[in-house]
Amino acid sequence: MRQIRITTPAAVLLAAAALLLTFGGPVSEVSLGTRAATAATQDNASEQSSAYISTHLYFGTGRHNGNPPVTEEEFMKFVADVVTPRFPSGLTLQEARGQWRDKDGDINRERSYELTVMYPARETHARNADIEYIRRLYCSTWELESVGRADVRAQVDF
């Protein structure tokens with residue numbers, strides 16, 4: 001069997017993608033040949049990390065009926081006035097390009113934002129109310145159909 005040496009981050013990503021496509025599942029550290037180092041790191045991290053939820057919200061800026069898109073200034077004011085008071089410990093915001101099919105079946109492409117907040121799993125119930133308030137208010141403020149949401153369990157250490 002021929003051994004392949006992967007040396008650049010791009011090559012690692014390509015190899016992981018190839019393994020994922022070949023085997024149809026997640027690529028583990030074993031597949032990439034880093035099991036020993038990763039296992040030691042995970043053992044140390046598990047002693048210090050805590051169970052968290054990482055919630056990702058996807059805010060589109062395109063509006064219907066000929067209304068202008070939500071501007072960067074309007075969105076940042078929304079984050080400052082609505083999101084930050086509910087998640088003062090921190091958040092991550094990334095500008096993106098989104099695409100989705102609306103209720104009429106039209107494909108919409110628009111400038112969008114991905115907002116990530118992390119919170120202890122034990123706060124899920126209270127944080128869910130905050131997140132749903134943010135989603136409803138954004139939609140009603142700019143007459144939009146939805147704000148996408150994805151929740152992921154995570155082990156987190158700050």
# chains A, B, ... in the order shown; residues from 1 in each chain; ligands from 1
>>> residues_around(residues="Glu143 (chain A)", least_positions_apart="2", cutoff="12 Å", atoms="only C-alpha atoms", output="tab-separated table (two decimals) with N, CA and C atoms, in the first residue's frame")
chain	number	residue	atom	x	y	z
A	60	GLY	N	-31.22	36.74	6.89
A	60	GLY	CA	-31.18	37.27	5.53
A	60	GLY	C	-31.47	38.77	5.57
A	61	THR	N	-31.08	39.47	4.53
A	61	THR	CA	-31.32	40.91	4.48
A	61	THR	C	-32.24	41.32	3.34
A	62	GLY	N	-32.55	40.38	2.44
A	62	GLY	CA	-33.42	40.70	1.31
A	62	GLY	C	-34.87	40.80	1.77
A	63	ARG	N	-35.58	41.79	1.23
A	63	ARG	CA	-36.98	42.00	1.62
A	63	ARG	C	-37.89	41.84	0.41
A	64	HIS	N	-39.15	41.69	0.66
A	64	HIS	CA	-40.14	41.46	-0.39
A	64	HIS	C	-40.84	42.76	-0.79
A	65	ASN	N	-41.65	42.65	-1.82
A	65	ASN	CA	-42.51	43.75	-2.29
A	65	ASN	C	-41.75	45.01	-2.66
A	66	GLY	N	-40.55	44.86	-3.18
A	66	GLY	CA	-39.78	46.02	-3.62
A	66	GLY	C	-39.14	46.83	-2.52
A	67	ASN	N	-39.24	46.36	-1.27
A	67	ASN	CA	-38.60	47.07	-0.16
A	67	ASN	C	-37.09	46.89	-0.24
A	68	PRO	N	-36.34	47.93	0.15
A	68	PRO	CA	-34.87	47.80	0.10
A	68	PRO	C	-34.37	46.79	1.12
A	69	PRO	N	-33.21	46.17	0.86
A	69	PRO	CA	-32.64	45.22	1.82
A	69	PRO	C	-32.33	45.88	3.17
A	70	VAL	N	-32.26	45.06	4.20
A	70	VAL	CA	-31.83	45.53	5.52
A	70	VAL	C	-30.38	45.97	5.35
A	135	ARG	N	-35.55	36.02	16.88
A	135	ARG	CA	-36.01	35.58	15.56
A	135	ARG	C	-37.33	36.24	15.18
A	136	ARG	N	-38.29	36.23	16.10
A	136	ARG	CA	-39.61	36.82	15.80
A	136	ARG	C	-39.51	38.33	15.56
A	137	LEU	N	-38.72	39.01	16.39
A	137	LEU	CA	-38.60	40.46	16.25
A	137	LEU	C	-37.93	40.84	14.94
A	138	TYR	N	-36.88	40.12	14.54
A	138	TYR	CA	-36.21	40.41	13.27
A	138	TYR	C	-37.19	40.25	12.11
A	139	CYS	N	-37.95	39.17	12.13
A	139	CYS	CA	-38.91	38.93	11.04
A	139	CYS	C	-40.01	39.99	11.02
A	140	SER	N	-40.55	40.34	12.17
A	140	SER	CA	-41.64	41.32	12.18
A	140	SER	C	-41.13	42.73	11.87
A	141	THR	N	-39.93	43.06	12.29
A	141	THR	CA	-39.38	44.39	12.03
A	141	THR	C	-39.22	44.66	10.54
A	145	GLU	N	-39.80	36.28	6.28
A	145	GLU	CA	-40.44	35.00	6.57
A	145	GLU	C	-39.80	34.24	7.72
A	146	SER	N	-38.47	34.25	7.80
A	146	SER	CA	-37.84	33.45	8.84
A	146	SER	C	-36.40	33.86	9.09
A	147	VAL	N	-35.90	33.41	10.21
A	147	VAL	CA	-34.48	33.46	10.56
A	147	VAL	C	-34.12	32.00	10.82
>>> residues_around(residues="region 117-120 of chain A", least_positions_apart="5", cutoff="6 Å", atoms="only C-alpha atoms", output="NGL selection string")
:A and (52-55 or 91)
>>> write_last_selection(atoms="N, CA and C atoms", output="compact mmCIF listing (two decimals), in the first residue's frame")
# COMPACT_ATOMS: atom_id res chain seq x y z
N TYR A 52 -22.07 22.77 26.51
CA TYR A 52 -22.67 24.00 26.01
C TYR A 52 -23.55 23.70 24.82
N ILE A 53 -24.37 24.66 24.46
CA ILE A 53 -25.11 24.65 23.22
C ILE A 53 -24.57 25.80 22.38
N SER A 54 -24.30 25.52 21.13
CA SER A 54 -23.87 26.54 20.18
C SER A 54 -25.04 26.75 19.22
N THR A 55 -25.65 27.92 19.28
CA THR A 55 -26.79 28.23 18.42
C THR A 55 -26.33 29.15 17.31
N LEU A 91 -20.63 36.90 21.47
CA LEU A 91 -21.23 36.31 20.29
C LEU A 91 -20.24 36.42 19.14
>>> closest_residue(among="A:Ala150, A:Leu93, A:Ala121, A:Ala51", to="Val79 (chain A)", atoms="only C-alpha atoms")
A:Leu93
>>> closest_residue(among="A:Ser50, A:Phe59, A:Ser89, A:Leu115", to="Ala154 (chain A)", atoms="only C-alpha atoms")
A:Ser50
>>> residues_around(residues="Tyr133 (chain A)", least_positions_apart="6", cutoff="10 Å", atoms="only C-alpha atoms", output="list of chain:residue names")
A:Val82, A:Val83, A:Arg86, A:Arg127
>>> select_by_dssp(residues="region 79-149 of chain A", states="strand (DSSP E or B)", output="PyMOL selection string")
chain A and resi 92-101+107-120+148-149
>>> residues_around(residues="Ile107 (chain A)", least_positions_apart="6", cutoff="12 Å", atoms="only C-alpha atoms", output="list in words")
Gly62, Gly98, Gln99, Trp100 and Arg101 of chain A
>>> write_last_selection(atoms="N, CA and C atoms", output="mmCIF file, in the first residue's frame")
data_model
loop_
_atom_site.group_PDB
_atom_site.id
_atom_site.type_symbol
_atom_site.label_atom_id
_atom_site.label_comp_id
_atom_site.auth_asym_id
_atom_site.auth_seq_id
_atom_site.Cartn_x
_atom_site.Cartn_y
_atom_site.Cartn_z
ATOM 1 N N GLY A 62 -32.549 40.375 2.435
ATOM 2 C CA GLY A 62 -33.424 40.696 1.306
ATOM 3 C C GLY A 62 -34.865 40.796 1.770
ATOM 4 N N GLY A 98 -26.219 34.201 1.325
ATOM 5 C CA GLY A 98 -27.166 33.128 1.564
ATOM 6 C C GLY A 98 -28.068 32.873 0.371
ATOM 7 N N GLN A 99 -28.678 31.705 0.380
ATOM 8 C CA GLN A 99 -29.641 31.330 -0.641
ATOM 9 C C GLN A 99 -30.698 30.466 0.012
ATOM 10 N N TRP A 100 -31.970 30.703 -0.321
ATOM 11 C CA TRP A 100 -33.036 29.894 0.230
ATOM 12 C C TRP A 100 -34.281 30.035 -0.630
ATOM 13 N N ARG A 101 -35.195 29.067 -0.492
ATOM 14 C CA ARG A 101 -36.443 29.078 -1.256
ATOM 15 C C ARG A 101 -37.552 29.632 -0.353
#
>>> closest_residue(among="A:Gln155, A:Arg97, A:His125, A:Leu57", to="Arg111 (chain A)", atoms="only C-alpha atoms")
A:Arg97
>>> select_by_dssp(residues="region 63-109 of chain A", states="alpha helix (DSSP H)", output="PyMOL selection string")
chain A and resi 72-78+84-86
>>> write_last_selection(atoms="N, CA and C atoms", output="PDB file, in the first residue's frame")
ATOM      1  N   GLU A  72     -26.498  47.277   6.499  1.00  0.00           N
ATOM      2  CA  GLU A  72     -25.541  46.865   7.532  1.00  0.00           C
ATOM      3  C   GLU A  72     -25.766  47.669   8.811  1.00  0.00           C
ATOM      4  N   GLU A  73     -26.015  48.951   8.682  1.00  0.00           N
ATOM      5  CA  GLU A  73     -26.242  49.808   9.846  1.00  0.00           C
ATOM      6  C   GLU A  73     -27.484  49.359  10.620  1.00  0.00           C
ATOM      7  N   GLU A  74     -28.569  49.041   9.896  1.00  0.00           N
ATOM      8  CA  GLU A  74     -29.788  48.575  10.557  1.00  0.00           C
ATOM      9  C   GLU A  74     -29.535  47.251  11.272  1.00  0.00           C
ATOM     10  N   PHE A  75     -28.822  46.350  10.606  1.00  0.00           N
ATOM     11  CA  PHE A  75     -28.557  45.049  11.216  1.00  0.00           C
ATOM     12  C   PHE A  75     -27.681  45.199  12.459  1.00  0.00           C
ATOM     13  N   MET A  76     -26.632  45.999  12.368  1.00  0.00           N
ATOM     14  CA  MET A  76     -25.733  46.170  13.516  1.00  0.00           C
ATOM     15  C   MET A  76     -26.457  46.838  14.683  1.00  0.00           C
ATOM     16  N   LYS A  77     -27.381  47.741  14.403  1.00  0.00           N
ATOM     17  CA  LYS A  77     -28.190  48.357  15.467  1.00  0.00           C
ATOM     18  C   LYS A  77     -29.078  47.292  16.114  1.00  0.00           C
ATOM     19  N   PHE A  78     -29.644  46.399  15.313  1.00  0.00           N
ATOM     20  CA  PHE A  78     -30.456  45.307  15.842  1.00  0.00           C
ATOM     21  C   PHE A  78     -29.615  44.427  16.771  1.00  0.00           C
ATOM     22  N   THR A  84     -27.272  41.738  21.864  1.00  0.00           N
ATOM     23  CA  THR A  84     -26.244  41.919  22.892  1.00  0.00           C
ATOM     24  C   THR A  84     -26.806  41.965  24.312  1.00  0.00           C
ATOM     25  N   PRO A  85     -27.923  42.664  24.570  1.00  0.00           N
ATOM     26  CA  PRO A  85     -28.459  42.636  25.946  1.00  0.00           C
ATOM     27  C   PRO A  85     -28.858  41.234  26.412  1.00  0.00           C
ATOM     28  N   ARG A  86     -29.206  40.353  25.479  1.00  0.00           N
ATOM     29  CA  ARG A  86     -29.610  38.999  25.844  1.00  0.00           C
ATOM     30  C   ARG A  86     -28.425  38.041  25.927  1.00  0.00           C
TER      31      ARG A  86
END
